[in-house]
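Below is one structure, written out as structure tokens; comments come after it.
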Amino acid sequence: MAGTRRSPIRTCIACRRPLPKAELNRLALVEGRVVEDREKKYGGRGAYVCHELECLDRILRNDRRCLDRAFRKKVKFLDLAELKRKIEAEEVLQGV
Ligand SMILES: [Zn+2]
């Protein structure tokens, strides 16, 4: 076996691109706040967003409906500043 276990495909909630789960950031709803589920420690419903800053920005700026849809409830609070910093740092590294 080559050990290339395929990652399941999930869709970015902002750009709707289907990507392997490993290339997406998982978001979870914890006590009414959307947080990055970096260690996959939160169970339940998750939402996925790709590593494009544009996508995270879209969610942060206005389009919470995609979160509402992903979590099937109204989302009021976002706790994603750290994730945004991380993605910005990645873009700097890539020289975008
Ligand atoms: Zn995206």
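A note on labels: chains of the structure tokens are A, B, ... as shown, every chain counts residues from 1, and ligands are counted from 1 in their shown order.
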For the contact check between stretch 11-38 of chain A and stretch 81-93 of chain A, emit one row per residue of stretch 11-38 of chain A within 9 Å, containing the shortest atom pair and the distance in Å rounded to one decimal, counting only C-alpha atoms, chain then rising number order, as JSON lines.
{"residue": "A:Asn25", "atom": "CA", "partner": "A:Leu83", "partner_atom": "CA", "distance": 8.7}
{"residue": "A:Val35", "atom": "CA", "partner": "A:Leu83", "partner_atom": "CA", "distance": 8.7}
{"residue": "A:Glu36", "atom": "CA", "partner": "A:Leu83", "partner_atom": "CA", "distance": 6.7}
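Pocket residues of ligand 1, taken as those with any atom at most 9 Å away using only C-alpha atoms and all ligand atoms, are Thr11, Cys12, Ile13, Ala14, Cys15, Arg16, Arg17, Pro18, Leu24, Tyr48, Val49, Cys50, His51, Glu52, Leu53, Glu54, Cys55 and Leu56 of chain A.
Proximity to A:Arg45 was assessed for A:Arg58, A:Lys21, A:Arg64, A:Lys73 counting only C-alpha atoms; the smallest distance is recorded for A:Lys73.
Within stretch 18-73 of chain A, residues classed as helix (DSSP H, G or I) by DSSP on backbone coordinates are Lys21, Ala22, Glu23, Leu53, Glu54, Cys55, Leu56, Asp57, Arg58, Ile59, Leu60, Arg61, Arg65, Cys66, Leu67, Asp68, Arg69, Ala70 and Phe71 of chain A.
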Could you write out the selected residues, including N, CA and C atoms, as a CSV table (one decimal), in the first residue's frame?
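Generated output (part38.csv):
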chain,number,residue,atom,x,y,z
A,21,LYS,N,-10.6,17.6,2.7
A,21,LYS,CA,-10.7,18.1,4.1
A,21,LYS,C,-9.4,18.6,4.7
A,22,ALA,N,-8.3,18.0,4.3
A,22,ALA,CA,-7.0,18.4,4.9
A,22,ALA,C,-6.6,19.8,4.4
A,23,GLU,N,-7.2,20.3,3.3
A,23,GLU,CA,-6.9,21.6,2.8
A,23,GLU,C,-7.9,22.7,3.3
A,53,LEU,N,-7.7,33.9,1.9
A,53,LEU,CA,-8.1,35.0,2.8
A,53,LEU,C,-9.4,35.6,2.4
A,54,GLU,N,-9.6,35.7,1.1
A,54,GLU,CA,-10.8,36.2,0.6
A,54,GLU,C,-12.1,35.5,1.2
A,55,CYS,N,-12.0,34.2,1.3
A,55,CYS,CA,-13.1,33.5,1.8
A,55,CYS,C,-13.4,33.8,3.2
A,56,LEU,N,-12.4,33.8,4.0
A,56,LEU,CA,-12.5,34.1,5.4
A,56,LEU,C,-13.1,35.5,5.6
A,57,ASP,N,-12.5,36.4,4.8
A,57,ASP,CA,-12.9,37.8,4.9
A,57,ASP,C,-14.4,38.0,4.5
A,58,ARG,N,-14.8,37.2,3.6
A,58,ARG,CA,-16.2,37.3,3.1
A,58,ARG,C,-17.1,36.9,4.3
A,59,ILE,N,-16.7,35.8,5.0
A,59,ILE,CA,-17.5,35.4,6.2
A,59,ILE,C,-17.5,36.4,7.3
A,60,LEU,N,-16.3,37.0,7.5
A,60,LEU,CA,-16.1,37.9,8.6
A,60,LEU,C,-16.9,39.2,8.3
A,61,ARG,N,-16.9,39.6,7.0
A,61,ARG,CA,-17.5,40.9,6.7
A,61,ARG,C,-19.0,40.9,6.7
A,65,ARG,N,-24.7,34.3,6.4
A,65,ARG,CA,-25.8,33.3,6.0
A,65,ARG,C,-25.2,32.0,5.7
A,66,CYS,N,-24.0,32.0,5.1
A,66,CYS,CA,-23.4,30.7,4.8
A,66,CYS,C,-23.1,29.9,6.1
A,67,LEU,N,-22.7,30.7,7.1
A,67,LEU,CA,-22.5,30.0,8.4
A,67,LEU,C,-23.9,29.5,9.0
A,68,ASP,N,-24.9,30.4,8.9
A,68,ASP,CA,-26.2,30.0,9.4
A,68,ASP,C,-26.6,28.7,8.7
A,69,ARG,N,-26.3,28.6,7.4
A,69,ARG,CA,-26.7,27.5,6.7
A,69,ARG,C,-25.9,26.2,7.1
A,70,ALA,N,-24.6,26.4,7.3
A,70,ALA,CA,-23.7,25.3,7.6
A,70,ALA,C,-24.1,24.8,9.0
A,71,PHE,N,-24.4,25.7,9.9
A,71,PHE,CA,-24.7,25.2,11.3
A,71,PHE,C,-26.2,25.0,11.5
